[in-house]
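Engineer: Please read through the structure below; I'll follow up with questions.
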Amino acid sequence: MSGRGDSEISETGEEQHAESAQDVENVEEVEDLEDLEDPDDPEYVARRARWTAAGSGALLALAGLAAAVLRVTGSAPALVPAAYAFGAGFCAFAAFLGSRGRTRRALWVLVAGVMVMAFGDQFD
């Protein structure tokens with residue numbers, strides 16, 4: 001015994017099967033995923049902001065690490081590659097913050113990371 005009375009069971013097996021078949025037909029009507037997403041939807045905007053913050057943070061972190069490696073092999077002072085690596089660390093942290101939904105903080109940390117890299121380049 002399940003403890004439910006017959007009055008709580010509202011649908012028979014045939015009615016449930018008919019509704020699930022109707023749901024499958026509705027899914028087939030949607031041709032593209034873009035039809036489901038509304039650009040004005042706050043969830044869509046937040047998701048796009050997270051992807052943008054995470055992607056730009058990761059891209060700038062990779063660029064900073066590449067610049068640090070190139071400057072280490074050259075004749076630049078030791079402060080220059082250290083600044084690039086430190087700025088890349090800031091950008092990687094910004095990518096992490098962006099992926100967690102902290103996009104405003106990620107933007108400010110990203111700006112700080114790029115500024116550290118720019119100031120480090122001035123010592124060259």
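Residues in the structure tokens are numbered from 1 in each chain, the chains being A, B, ... in the order shown, and ligands are numbered from 1 in the order shown.
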Leaving out Ala112 in chain A and any residue of its chain fewer than 6 positions from it, which residues lie within 12 Å of it when counting only C-alpha atoms, given as a VMD selection string?

Structural biologist: chain A and resid 57 60 83 to 84 86 to 94 105 to 106 118 to 119

Engineer: Could you write those residues out with all heavy atoms, as a compact mmCIF listing (two decimals), in the first residue's frame?

Structural biologist:
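And here is the file that came out, part-v8.txt:
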```
# COMPACT_ATOMS: atom_id res chain seq x y z
N GLY A 57 39.11 36.18 -19.41
CA GLY A 57 40.12 35.95 -18.36
C GLY A 57 41.10 34.86 -18.74
O GLY A 57 42.31 35.00 -18.56
N LEU A 60 43.40 36.17 -21.66
CA LEU A 60 44.44 37.09 -21.20
C LEU A 60 45.46 36.40 -20.30
O LEU A 60 46.64 36.77 -20.30
CB LEU A 60 43.81 38.28 -20.49
CG LEU A 60 43.13 39.29 -21.41
CD1 LEU A 60 42.34 40.30 -20.61
CD2 LEU A 60 44.17 39.98 -22.27
N ALA A 83 56.26 40.36 -13.76
CA ALA A 83 55.03 41.16 -13.85
C ALA A 83 54.02 40.51 -14.79
O ALA A 83 52.82 40.49 -14.50
CB ALA A 83 55.36 42.57 -14.31
N TYR A 84 54.51 39.99 -15.92
CA TYR A 84 53.61 39.30 -16.84
C TYR A 84 53.00 38.06 -16.18
O TYR A 84 51.81 37.80 -16.31
CB TYR A 84 54.33 38.90 -18.13
CG TYR A 84 54.39 40.00 -19.15
CD1 TYR A 84 55.59 40.57 -19.52
CD2 TYR A 84 53.24 40.47 -19.77
CE1 TYR A 84 55.65 41.58 -20.47
CE2 TYR A 84 53.28 41.47 -20.71
CZ TYR A 84 54.49 42.02 -21.06
OH TYR A 84 54.53 43.01 -22.00
N PHE A 86 52.63 37.49 -12.94
CA PHE A 86 51.74 37.92 -11.87
C PHE A 86 50.41 38.43 -12.44
O PHE A 86 49.33 38.12 -11.93
CB PHE A 86 52.43 39.00 -11.03
CG PHE A 86 51.77 39.26 -9.72
CD1 PHE A 86 51.70 38.28 -8.74
CD2 PHE A 86 51.23 40.50 -9.46
CE1 PHE A 86 51.08 38.53 -7.53
CE2 PHE A 86 50.62 40.77 -8.25
CZ PHE A 86 50.53 39.78 -7.28
N GLY A 87 50.47 39.21 -13.51
CA GLY A 87 49.26 39.68 -14.18
C GLY A 87 48.45 38.54 -14.77
O GLY A 87 47.22 38.55 -14.74
N ALA A 88 49.15 37.53 -15.30
CA ALA A 88 48.45 36.35 -15.82
C ALA A 88 47.74 35.60 -14.69
O ALA A 88 46.65 35.06 -14.89
CB ALA A 88 49.44 35.43 -16.53
N GLY A 89 48.35 35.58 -13.52
CA GLY A 89 47.69 34.97 -12.36
C GLY A 89 46.41 35.72 -11.98
O GLY A 89 45.39 35.10 -11.65
N PHE A 90 46.47 37.05 -12.04
CA PHE A 90 45.27 37.85 -11.80
C PHE A 90 44.19 37.51 -12.82
O PHE A 90 43.02 37.36 -12.46
CB PHE A 90 45.62 39.34 -11.91
CG PHE A 90 45.97 40.01 -10.62
CD1 PHE A 90 47.22 39.85 -10.06
CD2 PHE A 90 45.04 40.81 -9.97
CE1 PHE A 90 47.55 40.47 -8.89
CE2 PHE A 90 45.36 41.43 -8.79
CZ PHE A 90 46.62 41.26 -8.23
N CYS A 91 44.58 37.40 -14.07
CA CYS A 91 43.60 37.12 -15.11
C CYS A 91 43.01 35.71 -14.97
O CYS A 91 41.82 35.50 -15.23
CB CYS A 91 44.22 37.29 -16.49
SG CYS A 91 44.63 39.01 -16.86
N ALA A 92 43.82 34.76 -14.55
CA ALA A 92 43.31 33.41 -14.31
C ALA A 92 42.31 33.42 -13.15
O ALA A 92 41.28 32.74 -13.20
CB ALA A 92 44.46 32.45 -14.02
N PHE A 93 42.61 34.20 -12.12
CA PHE A 93 41.68 34.33 -11.00
C PHE A 93 40.38 35.00 -11.46
O PHE A 93 39.29 34.63 -11.02
CB PHE A 93 42.33 35.12 -9.86
CG PHE A 93 41.46 35.26 -8.65
CD1 PHE A 93 41.04 34.16 -7.93
CD2 PHE A 93 41.06 36.51 -8.23
CE1 PHE A 93 40.23 34.30 -6.82
CE2 PHE A 93 40.26 36.67 -7.12
CZ PHE A 93 39.84 35.56 -6.40
N ALA A 94 40.50 35.97 -12.36
CA ALA A 94 39.31 36.62 -12.91
C ALA A 94 38.47 35.63 -13.70
O ALA A 94 37.24 35.67 -13.65
CB ALA A 94 39.71 37.80 -13.78
N ARG A 105 33.22 41.53 -10.11
CA ARG A 105 34.53 41.38 -9.48
C ARG A 105 35.55 40.86 -10.48
O ARG A 105 36.71 41.27 -10.47
CB ARG A 105 34.43 40.44 -8.29
CG ARG A 105 33.68 41.05 -7.15
CD ARG A 105 33.69 40.13 -5.93
NE ARG A 105 32.90 40.71 -4.88
CZ ARG A 105 31.72 40.26 -4.49
NH1 ARG A 105 31.20 39.21 -5.07
NH2 ARG A 105 31.07 40.84 -3.51
N ALA A 106 35.11 39.96 -11.35
CA ALA A 106 36.01 39.42 -12.37
C ALA A 106 36.49 40.52 -13.30
O ALA A 106 37.67 40.54 -13.69
CB ALA A 106 35.31 38.32 -13.16
N ALA A 118 50.93 45.72 -17.95
CA ALA A 118 51.34 46.95 -18.64
C ALA A 118 52.43 47.69 -17.88
O ALA A 118 53.39 48.19 -18.47
CB ALA A 118 50.13 47.86 -18.85
N PHE A 119 52.29 47.77 -16.54
CA PHE A 119 53.33 48.43 -15.75
C PHE A 119 54.62 47.64 -15.79
O PHE A 119 55.72 48.23 -15.83
CB PHE A 119 52.88 48.61 -14.30
CG PHE A 119 51.88 49.71 -14.11
CD1 PHE A 119 50.79 49.53 -13.27
CD2 PHE A 119 52.02 50.93 -14.76
CE1 PHE A 119 49.87 50.55 -13.10
CE2 PHE A 119 51.10 51.94 -14.60
CZ PHE A 119 50.02 51.75 -13.75
```

Engineer: Taking 5 positions as the minimum chain separation for residues in the same chain, which residues sit within 7 Å of Pro81 in chain A when counting only C-alpha atoms? Answer as a ChimeraX atom specification.

Structural biologist: /A:68,71-72

Engineer: Restricting the calculation to only C-alpha atoms: of A:Thr103, A:Trp108, A:Ala49, A:Val114, which residue gets closest to Ala61 in chain A?

Structural biologist: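 Going through A:Thr103, A:Trp108, A:Ala49, A:Val114 one by one, the smallest distance to Ala61 in chain A is for A:Val114.
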
Engineer: Excluding Gly101 in chain A and its own-chain neighbours fewer than 5 positions away, which residues fall within 9 Å of it when counting only C-alpha atoms? Please give them as number ranges by chain.

Structural biologist: A: 46-47, 49-50, 53, 96, 106

Engineer: Go ahead and compute the interatomic distance for CA of Ala66 in chain A and CA of Gly120 in chain A, in Å to one decimal.

Structural biologist: 14.4 Å

Engineer: For CA of Tyr44 in chain A and CA of Arg104 in chain A, quote the distance in Å rounded to one decimal.

Structural biologist: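 Between these atoms lies a distance of 16.6 Å.
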
Engineer: With distances taken over only C-alpha atoms, which of A:Val116, A:Ala95, A:Val45, A:Asp38 is nearest to Leu79 in chain A?

Structural biologist: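 Smallest separation from Leu79 in chain A among the options: A:Val116.
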